[in-house]
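Please read the structure below before turning to the comments.
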Number of protein chains: 2
Amino acid sequence: MRNMSESELTDVVVERYAGTTDPRLKEILQSLIRHLHAFAREVRLTEAEWMAGVLFLTATGQKCDDKRQEMILLSDNLGLSSLVNMVSANVPEGATETTVLGPFYVPNSPDRGWGESVLLRESDELPLMIHGTVRTNEGVKIPNASIEVWQTDSNGMYDIQDETQPEDNLRGRYHANKDGAFLIRTIRPTSYPIPTDGPVGELLQATNRHPFRPAHVHAIVSAPGYRTLTTHLFDVEDKYLDSDVVFAVKESLIRTFVKNESPADAEKFGLHGPFWELANDFILTKAA
Amino acid sequence: MRNMSESELTDVVVERYAGTTDPRLKEILQSLIRHLHAFAREVRLTEAEWMAGVLFLTATGQKCDDKRQEMILLSDNLGLSSLVNMVSANVPEGATETTVLGPFYVPNSPDRGWGESVLLRESDELPLMIHGTVRTNEGVKIPNASIEVWQTDSNGMYDIQDETQPEDNLRGRYHANKDGAFLIRTIRPTSYPIPTDGPVGELLQATNRHPFRPAHVHAIVSAPGYRTLTTHLFDVEDKYLDSDVVFAVKESLIRTFVKNESPADAEKFGLHGPFWELANDFILTKAA
């Protein structure tokens, strides 16, 4: 074990992890070691390049705080988050597809009432009303689901990135009623750049990639007995749908926001003028 | 690009990095993406496992400060540092082999005079005198080389880990003379555990691996016109030589420390009693 070839070294390292207690952790670590070593051998990684990588990952970890998760952003930008989503999603035909969580989710969003606005500032923008039913693909209504939503404000920033926004602006937890119906009030989302003032921003610059995500509303829909759905609703009119910096767009998640100018419809939602409307069901899958 | 298979996603991500300005960075990133994705597909990584990995890497970055480099420690523990050393070493037959830098190197060590001790505390231990010549494999003496050495104290800790040690204890930069000769005074190194109070310690525990490195003296030897040599001198009597936690032992770097009880030899080195002795040449390679 003292005079090893490159591939013998990999075998020795993998073998040294054979005593891992948890068989799944063992499987993951041994696979990770083999693939990581294969990468270093393939590109003939130099010590200076290795050190640059060490310092990049260190800086990425150190950029994280209670409001910033740069390591998720890195994973997103390498397409790893989307791949993991694909690998583990296993969504049956007909159910709402999942996509990445992203780095801006905050647990324990405040509760919002029926049709209450998540926009906590004054605004001249038209409201966006999202209504529908939480149900199964067979049409069974799922009562009392939780629907957490979050999105950027019209300046392209989430509340946790922007001190000028009220806390929990454009973020909240709605509750479907006993018939599975819900009514969300927000504004139409905008495309926005991911944060570029950290290591991931340097990576984007070095690789000549634009930092934009197409406009979307994030949602996590959960109900007892069903798999929790983490997804986005994308705006069909967005110009970044085919070049999302984090590779998270799925065709089935693209929605058309329809301008509704009917006073009668507005009144139904407690509004007094035109609004954007999206009829959207969330279709869940039974838990295993 | 919106309804992709797993392997199509990888191709799309790789292609999105095609505009990287530096061709070597492009090569490295595209290879890294392919291998990282292959790993996630192979183990069918779940979102919970992915999140555990994100949080582990974040914590590893955040454990780093000006005296602690946990990301290097992680790389060391996955055998990546040793592999990169192998891949990039390319040491010609006969020259001193290289090994990993490790996380405890501190730049700008204080200069030490001829035979001056790097041990900065009172001690009853026998001195270890390391003497030899910095030279080429053809026997050409290399004048005025710099030889930085660092090692743990007998409690198994480096100065930067241990507030009870004087600053720069067992750390210093020696200078070979015009004939390439040098004389280092230290103490015999001991085996020691790597730090286990961080994420890497958790990894060791979960994988039932011991945390020990076999006793060694670190050295970086540099001289104008020659490749800088980063190496260790290991103690042949150490019980961890075949299970070094960071996989850095090479047969050619194992040394025998000889007890010398000759008063005449002691006097030659300015000593007054028995000492450990190591005759060791550092054999450098011409820079490309």
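FYI, nothing fancy with the structure tokens labels: chains A, B, ... in order, residues from 1 per chain, ligands from 1 as they appear.
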
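The residue set within 10 Å of Val91 in chain B, counting only C-alpha atoms and dropping same-chain residues fewer than 3 places from it, reads Met86, Ser88, Gly94, Ala95, Thr96, Glu97, Thr98, Arg227, Leu229, Leu284 and Thr285 of chain B.
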
Save out the residues we just selected, N, CA and C atoms, as an mmCIF file, in the first residue's frame.
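Result went into again24.cif, see below:
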data_model
loop_
_atom_site.group_PDB
_atom_site.id
_atom_site.type_symbol
_atom_site.label_atom_id
_atom_site.label_comp_id
_atom_site.auth_asym_id
_atom_site.auth_seq_id
_atom_site.Cartn_x
_atom_site.Cartn_y
_atom_site.Cartn_z
ATOM 1 N N MET B 86 0.112 12.346 -7.113
ATOM 2 C CA MET B 86 0.613 11.321 -8.054
ATOM 3 C C MET B 86 0.505 11.777 -9.498
ATOM 4 N N SER B 88 0.295 14.729 -10.745
ATOM 5 C CA SER B 88 1.059 15.887 -11.195
ATOM 6 C C SER B 88 2.528 15.815 -10.823
ATOM 7 N N GLY B 94 15.001 8.391 -9.094
ATOM 8 C CA GLY B 94 16.192 8.832 -8.370
ATOM 9 C C GLY B 94 16.003 10.117 -7.605
ATOM 10 N N ALA B 95 15.051 10.961 -8.029
ATOM 11 C CA ALA B 95 14.800 12.201 -7.292
ATOM 12 C C ALA B 95 13.921 11.894 -6.079
ATOM 13 N N THR B 96 13.954 12.774 -5.079
ATOM 14 C CA THR B 96 13.119 12.576 -3.893
ATOM 15 C C THR B 96 11.652 12.684 -4.292
ATOM 16 N N GLU B 97 10.850 11.725 -3.875
ATOM 17 C CA GLU B 97 9.430 11.756 -4.218
ATOM 18 C C GLU B 97 8.701 12.842 -3.420
ATOM 19 N N THR B 98 7.605 13.273 -3.997
ATOM 20 C CA THR B 98 6.779 14.287 -3.343
ATOM 21 C C THR B 98 5.632 13.602 -2.608
ATOM 22 N N ARG B 227 12.501 22.322 -9.575
ATOM 23 C CA ARG B 227 11.116 22.174 -9.153
ATOM 24 C C ARG B 227 11.047 22.122 -7.632
ATOM 25 N N LEU B 229 10.118 20.952 -4.155
ATOM 26 C CA LEU B 229 9.803 19.619 -3.641
ATOM 27 C C LEU B 229 8.997 19.731 -2.353
ATOM 28 N N LEU B 284 16.663 17.085 -5.982
ATOM 29 C CA LEU B 284 15.726 17.913 -6.749
ATOM 30 C C LEU B 284 15.818 17.621 -8.251
ATOM 31 N N THR B 285 14.789 18.113 -8.947
ATOM 32 C CA THR B 285 14.668 17.933 -10.391
ATOM 33 C C THR B 285 14.704 19.310 -11.033
#

When the cut-off is 7 Å and we count only C-alpha atoms, which residues of chain B are near chain A, given as a ChimeraX atom specification?
-> /B:1-3,6,13,17,19-21,28,31-33,35-37,39-41,43-47,54,57-59,61-62,71-72,78-80,83-88,206-208,242,249-251

Keeping only N, CA and C atoms, write the selected residues to a file as a compact mmCIF listing (two decimals), in the first residue's frame.
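Contents of part28.txt, as written:
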# COMPACT_ATOMS: atom_id res chain seq x y z
N MET B 1 -34.81 21.64 -24.95
CA MET B 1 -34.04 21.71 -23.72
C MET B 1 -34.93 21.72 -22.48
N ARG B 2 -36.23 21.48 -22.69
CA ARG B 2 -37.11 21.56 -21.52
C ARG B 2 -37.57 20.19 -21.03
N ASN B 3 -37.59 19.24 -21.94
CA ASN B 3 -37.97 17.90 -21.52
C ASN B 3 -36.80 16.97 -21.80
N GLU B 6 -31.98 12.20 -18.29
CA GLU B 6 -30.85 12.49 -17.40
C GLU B 6 -29.56 12.75 -18.18
N VAL B 13 -25.81 20.81 -19.90
CA VAL B 13 -25.01 21.57 -18.94
C VAL B 13 -23.58 21.71 -19.46
N TYR B 17 -21.25 25.35 -20.83
CA TYR B 17 -19.94 25.83 -20.38
C TYR B 17 -18.95 25.95 -21.54
N GLY B 19 -18.56 28.20 -23.66
CA GLY B 19 -18.04 29.54 -23.94
C GLY B 19 -16.99 30.01 -22.95
N THR B 20 -16.54 29.10 -22.06
CA THR B 20 -15.52 29.46 -21.07
C THR B 20 -14.27 29.99 -21.75
N THR B 21 -13.79 31.14 -21.28
CA THR B 21 -12.67 31.81 -21.96
C THR B 21 -11.39 30.97 -21.91
N ILE B 28 -11.54 21.42 -17.48
CA ILE B 28 -11.72 20.95 -16.10
C ILE B 28 -13.19 20.96 -15.71
N SER B 31 -15.29 18.28 -17.59
CA SER B 31 -15.01 16.95 -17.05
C SER B 31 -15.63 16.78 -15.66
N LEU B 32 -15.49 17.80 -14.84
CA LEU B 32 -16.06 17.74 -13.49
C LEU B 32 -17.57 17.53 -13.55
N ILE B 33 -18.24 18.27 -14.43
CA ILE B 33 -19.70 18.13 -14.56
C ILE B 33 -20.07 16.71 -14.97
N HIS B 35 -18.40 13.89 -14.53
CA HIS B 35 -18.12 12.90 -13.47
C HIS B 35 -19.05 13.08 -12.28
N LEU B 36 -19.36 14.33 -11.95
CA LEU B 36 -20.27 14.60 -10.84
C LEU B 36 -21.67 14.07 -11.17
N HIS B 37 -22.10 14.30 -12.39
CA HIS B 37 -23.41 13.80 -12.81
C HIS B 37 -23.42 12.27 -12.85
N PHE B 39 -21.77 10.28 -11.01
CA PHE B 39 -21.89 9.84 -9.61
C PHE B 39 -23.34 9.90 -9.14
N ALA B 40 -24.00 11.04 -9.38
CA ALA B 40 -25.39 11.20 -8.89
C ALA B 40 -26.32 10.20 -9.56
N ARG B 41 -26.08 9.92 -10.85
CA ARG B 41 -26.92 8.94 -11.54
C ARG B 41 -26.65 7.53 -11.02
N VAL B 43 -25.58 6.42 -8.09
CA VAL B 43 -26.12 6.08 -6.76
C VAL B 43 -27.59 6.47 -6.63
N ARG B 44 -28.17 7.07 -7.70
CA ARG B 44 -29.56 7.56 -7.63
C ARG B 44 -29.71 8.43 -6.38
N LEU B 45 -28.92 9.48 -6.34
CA LEU B 45 -28.87 10.38 -5.18
C LEU B 45 -30.24 11.01 -4.92
N THR B 46 -30.71 10.91 -3.69
CA THR B 46 -32.01 11.51 -3.35
C THR B 46 -31.81 12.98 -2.98
N GLU B 47 -32.92 13.71 -2.94
CA GLU B 47 -32.81 15.13 -2.60
C GLU B 47 -32.36 15.31 -1.15
N VAL B 54 -24.75 19.06 0.62
CA VAL B 54 -24.64 20.53 0.56
C VAL B 54 -24.28 21.08 1.95
N LEU B 57 -20.63 20.15 2.96
CA LEU B 57 -19.62 20.98 2.30
C LEU B 57 -19.65 22.42 2.84
N THR B 58 -20.85 22.91 3.12
CA THR B 58 -20.97 24.25 3.69
C THR B 58 -20.26 24.31 5.05
N ALA B 59 -20.53 23.32 5.88
CA ALA B 59 -19.90 23.29 7.21
C ALA B 59 -18.39 23.14 7.09
N GLY B 61 -16.49 24.30 4.65
CA GLY B 61 -15.97 25.63 4.30
C GLY B 61 -15.98 26.55 5.50
N GLN B 62 -17.03 26.46 6.29
CA GLN B 62 -17.16 27.38 7.41
C GLN B 62 -16.25 27.03 8.59
N MET B 71 -11.19 22.02 4.29
CA MET B 71 -11.46 21.54 2.93
C MET B 71 -10.28 20.72 2.41
N ILE B 72 -9.06 21.13 2.74
CA ILE B 72 -7.88 20.32 2.40
C ILE B 72 -7.96 18.99 3.15
N LEU B 78 -10.35 11.87 1.37
CA LEU B 78 -10.95 11.15 0.24
C LEU B 78 -9.88 10.64 -0.71
N GLY B 79 -8.62 10.80 -0.32
CA GLY B 79 -7.52 10.32 -1.17
C GLY B 79 -7.27 11.21 -2.37
N LEU B 80 -8.02 12.31 -2.48
CA LEU B 80 -7.88 13.16 -3.66
C LEU B 80 -6.54 13.89 -3.67
N LEU B 83 -3.90 11.57 -4.78
CA LEU B 83 -4.04 11.28 -6.20
C LEU B 83 -3.52 12.43 -7.04
N VAL B 84 -3.89 13.67 -6.67
CA VAL B 84 -3.41 14.84 -7.42
C VAL B 84 -1.89 14.90 -7.35
N ASN B 85 -1.36 14.57 -6.17
CA ASN B 85 0.09 14.53 -6.04
C ASN B 85 0.71 13.53 -7.02
N MET B 86 0.11 12.35 -7.11
CA MET B 86 0.61 11.32 -8.05
C MET B 86 0.51 11.78 -9.50
N VAL B 87 -0.68 12.33 -9.82
CA VAL B 87 -0.99 12.71 -11.19
C VAL B 87 -0.03 13.80 -11.67
N SER B 88 0.29 14.73 -10.75
CA SER B 88 1.06 15.89 -11.19
C SER B 88 2.53 15.82 -10.82
N ALA B 206 -18.36 8.23 11.14
CA ALA B 206 -19.42 7.51 10.40
C ALA B 206 -18.84 6.37 9.57
N THR B 207 -17.56 6.49 9.23
CA THR B 207 -16.96 5.49 8.35
C THR B 207 -16.03 4.55 9.11
N ASN B 208 -16.03 4.69 10.44
CA ASN B 208 -15.21 3.82 11.30
C ASN B 208 -13.75 3.79 10.89
N ASP B 242 1.03 1.89 7.24
CA ASP B 242 0.18 1.25 6.24
C ASP B 242 -1.29 1.63 6.35
N VAL B 249 1.66 8.03 2.43
CA VAL B 249 2.95 7.37 2.61
C VAL B 249 3.47 6.82 1.28
N LYS B 250 4.74 7.06 1.02
CA LYS B 250 5.42 6.38 -0.10
C LYS B 250 6.65 5.68 0.47
N GLU B 251 6.89 4.48 0.00
CA GLU B 251 7.98 3.65 0.51
C GLU B 251 9.31 4.43 0.53

Output chain A as a compact mmCIF listing (two decimals) with C-alpha atoms, in the first residue's frame, after least-squares fitting it to chain B on all in-order C-alpha pairs.
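File written: selection17.txt
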# COMPACT_ATOMS: atom_id res chain seq x y z
CA MET A 1 -33.87 21.80 -23.80
CA ARG A 2 -36.99 21.71 -21.61
CA ASN A 3 -37.86 18.02 -21.59
CA MET A 4 -34.57 16.29 -21.11
CA SER A 5 -33.46 12.83 -20.13
CA GLU A 6 -30.81 12.59 -17.41
CA SER A 7 -27.98 12.18 -19.89
CA GLU A 8 -29.32 14.94 -22.16
CA LEU A 9 -29.27 17.25 -19.14
CA THR A 10 -25.59 16.49 -18.62
CA ASP A 11 -24.87 17.27 -22.28
CA VAL A 12 -26.79 20.54 -22.04
CA VAL A 13 -24.91 21.62 -18.91
CA VAL A 14 -21.53 20.71 -20.42
CA GLU A 15 -22.42 22.61 -23.60
CA ARG A 16 -23.43 25.66 -21.57
CA TYR A 17 -19.82 25.86 -20.33
CA ALA A 18 -18.42 25.80 -23.88
CA GLY A 19 -17.86 29.56 -23.88
CA THR A 20 -15.36 29.47 -21.00
CA THR A 21 -12.51 31.80 -21.89
CA ASP A 22 -9.60 29.76 -20.50
CA PRO A 23 -9.38 26.45 -22.40
CA ARG A 24 -7.90 24.61 -19.41
CA LEU A 25 -10.66 25.85 -17.08
CA LYS A 26 -13.19 24.74 -19.68
CA GLU A 27 -11.63 21.27 -19.85
CA ILE A 28 -11.63 20.93 -16.06
CA LEU A 29 -15.20 22.17 -15.56
CA GLN A 30 -16.67 20.07 -18.36
CA SER A 31 -14.93 16.95 -17.03
CA LEU A 32 -16.00 17.74 -13.46
CA ILE A 33 -19.63 18.16 -14.53
CA ARG A 34 -19.63 14.81 -16.38
CA HIS A 35 -18.09 12.92 -13.46
CA LEU A 36 -20.23 14.62 -10.83
CA HIS A 37 -23.37 13.84 -12.80
CA ALA A 38 -22.25 10.24 -13.38
CA PHE A 39 -21.87 9.87 -9.61
CA ALA A 40 -25.37 11.24 -8.89
CA ARG A 41 -26.91 9.00 -11.55
CA GLU A 42 -25.01 5.91 -10.39
CA VAL A 43 -26.15 6.12 -6.77
CA ARG A 44 -29.57 7.61 -7.63
CA LEU A 45 -28.87 10.44 -5.20
CA THR A 46 -32.01 11.58 -3.38
CA GLU A 47 -32.81 15.19 -2.61
CA ALA A 48 -32.36 14.57 1.13
CA GLU A 49 -28.92 13.06 0.50
CA TRP A 50 -28.03 15.95 -1.81
CA MET A 51 -29.03 18.41 0.90
CA ALA A 52 -26.93 16.51 3.47
CA GLY A 53 -23.97 16.84 1.08
CA VAL A 54 -24.62 20.56 0.56
CA LEU A 55 -24.73 21.15 4.31
CA PHE A 56 -21.61 19.01 4.88
CA LEU A 57 -19.59 20.99 2.32
CA THR A 58 -20.94 24.26 3.71
CA ALA A 59 -19.88 23.28 7.24
CA THR A 60 -16.48 22.19 5.91
CA GLY A 61 -15.93 25.62 4.33
CA GLN A 62 -17.14 27.37 7.45
CA LYS A 63 -14.76 25.40 9.68
CA CYS A 64 -11.84 27.00 7.83
CA ASP A 65 -10.04 30.02 9.21
CA ASP A 66 -6.51 31.39 9.07
CA LYS A 67 -5.27 28.40 11.08
CA ARG A 68 -7.56 25.60 9.97
CA GLN A 69 -8.11 24.24 6.46
CA GLU A 70 -10.87 21.66 6.76
CA MET A 71 -11.43 21.51 2.97
CA ILE A 72 -7.86 20.27 2.44
CA LEU A 73 -8.43 17.79 5.25
CA LEU A 74 -11.53 16.53 3.44
CA SER A 75 -9.63 16.20 0.17
CA ASP A 76 -6.86 14.36 2.05
CA ASN A 77 -9.36 11.96 3.60
CA LEU A 78 -10.97 11.13 0.26
CA GLY A 79 -7.53 10.28 -1.13
CA LEU A 80 -7.89 13.13 -3.62
CA SER A 81 -4.83 15.04 -2.40
CA SER A 82 -2.61 11.97 -2.74
CA LEU A 83 -4.04 11.22 -6.16
CA VAL A 84 -3.40 14.78 -7.37
CA ASN A 85 0.10 14.47 -6.00
CA MET A 86 0.62 11.26 -8.02
CA VAL A 87 -0.99 12.66 -11.15
CA SER A 88 1.05 15.83 -11.17
CA ALA A 89 4.27 14.72 -9.48
CA ASN A 90 6.05 13.24 -12.47
CA VAL A 91 9.23 12.81 -10.42
CA PRO A 92 12.11 11.25 -12.39
CA GLU A 93 13.68 8.02 -11.11
CA GLY A 94 16.19 8.81 -8.37
CA ALA A 95 14.80 12.18 -7.28
CA THR A 96 13.10 12.56 -3.90
CA GLU A 97 9.41 11.71 -4.21
CA THR A 98 6.75 14.25 -3.32
CA THR A 99 3.71 13.84 -1.15
CA VAL A 100 0.78 15.92 0.06
CA LEU A 101 1.07 19.42 1.50
CA GLY A 102 -1.48 18.80 4.25
CA PRO A 103 -3.58 21.43 6.01
CA PHE A 104 -0.97 22.69 8.50
CA TYR A 105 1.52 24.47 6.28
CA VAL A 106 2.01 28.13 7.15
CA PRO A 107 3.81 30.35 4.61
CA ASN A 108 6.65 32.63 5.68
CA SER A 109 8.17 30.44 8.39
CA PRO A 110 10.90 32.18 10.35
CA ASP A 111 14.49 31.62 9.23
CA ARG A 112 16.57 29.17 11.27
CA GLY A 113 20.37 29.21 11.37
CA TRP A 114 22.75 26.27 10.82
CA GLY A 115 21.67 23.54 13.26
CA GLU A 116 19.42 25.93 15.17
CA SER A 117 16.54 24.13 16.87
CA VAL A 118 12.95 24.56 15.67
CA LEU A 119 11.87 23.31 19.11
CA LEU A 120 11.12 26.51 21.01
CA ARG A 121 10.28 25.04 24.41
CA GLU A 122 12.26 23.35 27.19
CA SER A 123 12.61 19.62 26.59
CA ASP A 124 14.26 16.49 27.93
CA GLU A 125 13.83 14.69 24.62
CA LEU A 126 16.79 13.74 22.52
CA PRO A 127 17.38 16.12 19.62
CA LEU A 128 16.92 14.82 16.08
CA MET A 129 19.65 16.09 13.75
CA ILE A 130 18.82 15.87 10.05
CA HIS A 131 21.80 16.56 7.81
CA GLY A 132 22.58 16.06 4.17
CA THR A 133 22.90 17.77 0.85
CA VAL A 134 20.43 19.31 -1.56
CA ARG A 135 21.54 17.94 -4.93
CA THR A 136 20.52 16.49 -8.27
CA ASN A 137 20.31 12.80 -9.00
CA GLU A 138 23.61 13.16 -10.88
CA GLY A 139 25.29 14.41 -7.70
CA VAL A 140 25.43 18.09 -8.64
CA LYS A 141 25.22 20.10 -5.42
CA ILE A 142 22.53 22.79 -5.40
CA PRO A 143 23.64 25.85 -3.42
CA ASN A 144 21.51 27.97 -1.11
CA ALA A 145 18.29 25.98 -1.26
CA SER A 146 15.48 26.89 1.13
CA ILE A 147 14.25 24.01 3.32
CA GLU A 148 11.02 24.68 5.18
CA VAL A 149 10.15 22.08 7.80
CA TRP A 150 7.15 21.66 10.12
CA GLN A 151 5.89 18.91 12.37
CA THR A 152 3.77 18.25 15.45
CA ASP A 153 5.14 18.53 18.95
CA SER A 154 5.26 15.42 21.13
CA ASN A 155 1.61 15.98 22.14
CA GLY A 156 0.61 15.36 18.51
CA MET A 157 -0.33 18.97 17.76
CA TYR A 158 1.05 21.59 15.43
CA ASP A 159 1.75 25.01 16.93
CA ILE A 160 -1.27 26.51 15.14
CA GLN A 161 -3.57 23.98 16.81
CA ASP A 162 -2.21 24.44 20.31
CA GLU A 163 -2.19 27.68 22.27
CA THR A 164 0.26 26.26 24.83
CA GLN A 165 3.03 26.11 22.21
CA PRO A 166 5.17 29.12 21.37
CA GLU A 167 4.37 30.61 17.95
CA ASP A 168 6.30 28.86 15.16
CA ASN A 169 7.30 26.00 17.45
CA LEU A 170 8.65 23.13 15.30
CA ARG A 171 8.36 25.20 12.16
CA GLY A 172 11.10 27.07 10.32
CA ARG A 173 13.07 27.74 7.15
CA TYR A 174 16.63 26.45 6.94
CA HIS A 175 19.08 27.44 4.24
CA ALA A 176 21.53 25.07 2.61
CA ASN A 177 25.03 26.49 2.20
CA LYS A 178 26.92 27.06 -1.04
CA ASP A 179 27.79 23.35 -1.15
CA GLY A 180 24.16 22.32 -0.74
CA ALA A 181 24.72 21.11 2.84
CA PHE A 182 22.20 21.72 5.61
CA LEU A 183 21.74 20.90 9.29
CA ILE A 184 18.28 20.80 10.86
CA ARG A 185 17.69 20.37 14.58
CA THR A 186 14.31 19.15 15.75
CA ILE A 187 12.85 16.28 17.80
CA ARG A 188 11.72 12.88 16.61
CA PRO A 189 8.16 13.22 15.29
CA THR A 190 5.21 11.26 16.70
CA SER A 191 2.13 9.83 15.09
CA TYR A 192 -0.95 11.97 15.70
CA PRO A 193 -4.67 12.18 15.00
CA ILE A 194 -5.91 14.70 12.46
CA PRO A 195 -8.42 17.15 14.00
CA THR A 196 -11.71 15.36 14.62
CA ASP A 197 -13.79 18.25 15.99
CA GLY A 198 -15.14 19.26 12.56
CA PRO A 199 -17.07 17.78 9.62
CA VAL A 200 -14.13 15.54 8.65
CA GLY A 201 -14.15 14.11 12.19
CA GLU A 202 -17.84 13.27 11.73
CA LEU A 203 -16.98 11.57 8.46
CA LEU A 204 -14.26 9.48 10.14
CA GLN A 205 -16.68 8.43 12.85
CA ALA A 206 -19.45 7.50 10.41
CA THR A 207 -17.01 5.46 8.37
CA ASN A 208 -15.26 3.78 11.33
CA ARG A 209 -11.83 5.01 10.25
CA HIS A 210 -9.06 5.85 12.73
CA PRO A 211 -7.76 9.43 12.54
CA PHE A 212 -4.01 8.76 12.75
CA ARG A 213 -1.14 9.82 10.57
CA PRO A 214 2.21 8.07 10.93
CA ALA A 215 5.00 10.21 12.41
CA HIS A 216 6.67 12.48 9.86
CA VAL A 217 8.55 15.71 9.31
CA HIS A 218 7.13 17.90 6.53
CA ALA A 219 9.54 19.60 4.16
CA ILE A 220 9.34 21.99 1.23
CA VAL A 221 12.68 22.32 -0.55
CA SER A 222 13.12 25.01 -3.18
CA ALA A 223 15.95 26.47 -5.21
CA PRO A 224 15.97 28.67 -8.33
CA GLY A 225 15.93 26.59 -11.51
CA TYR A 226 14.55 23.50 -9.76
CA ARG A 227 11.06 22.14 -9.18
CA THR A 228 9.92 22.83 -5.63
CA LEU A 229 9.77 19.59 -3.65
CA THR A 230 6.91 19.13 -1.16
CA THR A 231 7.51 15.97 0.83
CA HIS A 232 7.51 14.13 4.17
CA LEU A 233 10.15 12.10 5.98
CA PHE A 234 8.34 9.19 7.69
CA ASP A 235 9.59 7.22 10.71
CA VAL A 236 10.12 3.55 9.79
CA GLU A 237 9.09 2.43 13.27
CA ASP A 238 5.60 3.95 13.10
CA LYS A 239 2.63 1.59 13.39
CA TYR A 240 0.39 3.69 11.10
CA LEU A 241 2.61 3.54 8.00
CA ASP A 242 0.17 1.19 6.27
CA SER A 243 -3.01 2.93 7.35
CA ASP A 244 -2.21 6.65 7.07
CA VAL A 245 -5.61 8.33 7.30
CA VAL A 246 -4.70 10.61 4.37
CA PHE A 247 -3.02 7.98 2.14
CA ALA A 248 0.25 9.90 1.83
CA VAL A 249 2.95 7.31 2.63
CA LYS A 250 5.41 6.33 -0.08
CA GLU A 251 7.98 3.61 0.53
CA SER A 252 10.83 5.80 -0.67
CA LEU A 253 10.05 8.45 1.96
CA ILE A 254 10.38 6.13 4.99
CA ARG A 255 13.49 6.85 7.03
CA THR A 256 15.32 5.22 9.92
CA PHE A 257 16.24 7.57 12.73
CA VAL A 258 19.47 6.22 14.22
CA LYS A 259 20.38 6.73 17.85
CA ASN A 260 23.89 8.17 18.02
CA GLU A 261 25.66 7.99 21.38
CA SER A 262 29.10 9.08 20.24
CA PRO A 263 30.34 12.13 22.21
CA ALA A 264 32.53 13.10 19.28
CA ASP A 265 29.59 13.12 16.86
CA ALA A 266 27.50 15.06 19.38
CA GLU A 267 30.20 17.68 19.67
CA LYS A 268 30.34 18.00 15.89
CA PHE A 269 26.66 19.13 16.02
CA GLY A 270 27.13 21.29 19.12
CA LEU A 271 25.38 18.76 21.38
CA HIS A 272 26.38 17.30 24.70
CA GLY A 273 24.79 13.85 24.72
CA PRO A 274 23.03 11.17 22.68
CA PHE A 275 20.80 12.21 19.79
CA TRP A 276 18.71 10.81 16.95
CA GLU A 277 20.38 11.19 13.59
CA LEU A 278 19.12 11.11 10.04
CA ALA A 279 21.42 11.46 7.07
CA ASN A 280 19.09 12.54 4.28
CA ASP A 281 19.75 14.18 0.94
CA PHE A 282 17.01 16.07 -0.86
CA ILE A 283 17.29 15.26 -4.55
CA LEU A 284 15.68 17.89 -6.77
CA THR A 285 14.63 17.91 -10.40
CA LYS A 286 15.41 20.69 -12.88
CA ALA A 287 12.47 22.98 -13.61
CA ALA A 288 10.93 22.50 -17.05

Among range 17-223 of chain B, which residues carry a DSSP assignment of alpha helix (DSSP H), reported as a VMD selection string?
-> chain B and resid 23 to 43 47 to 62 70 to 77 80 to 89 199 to 206
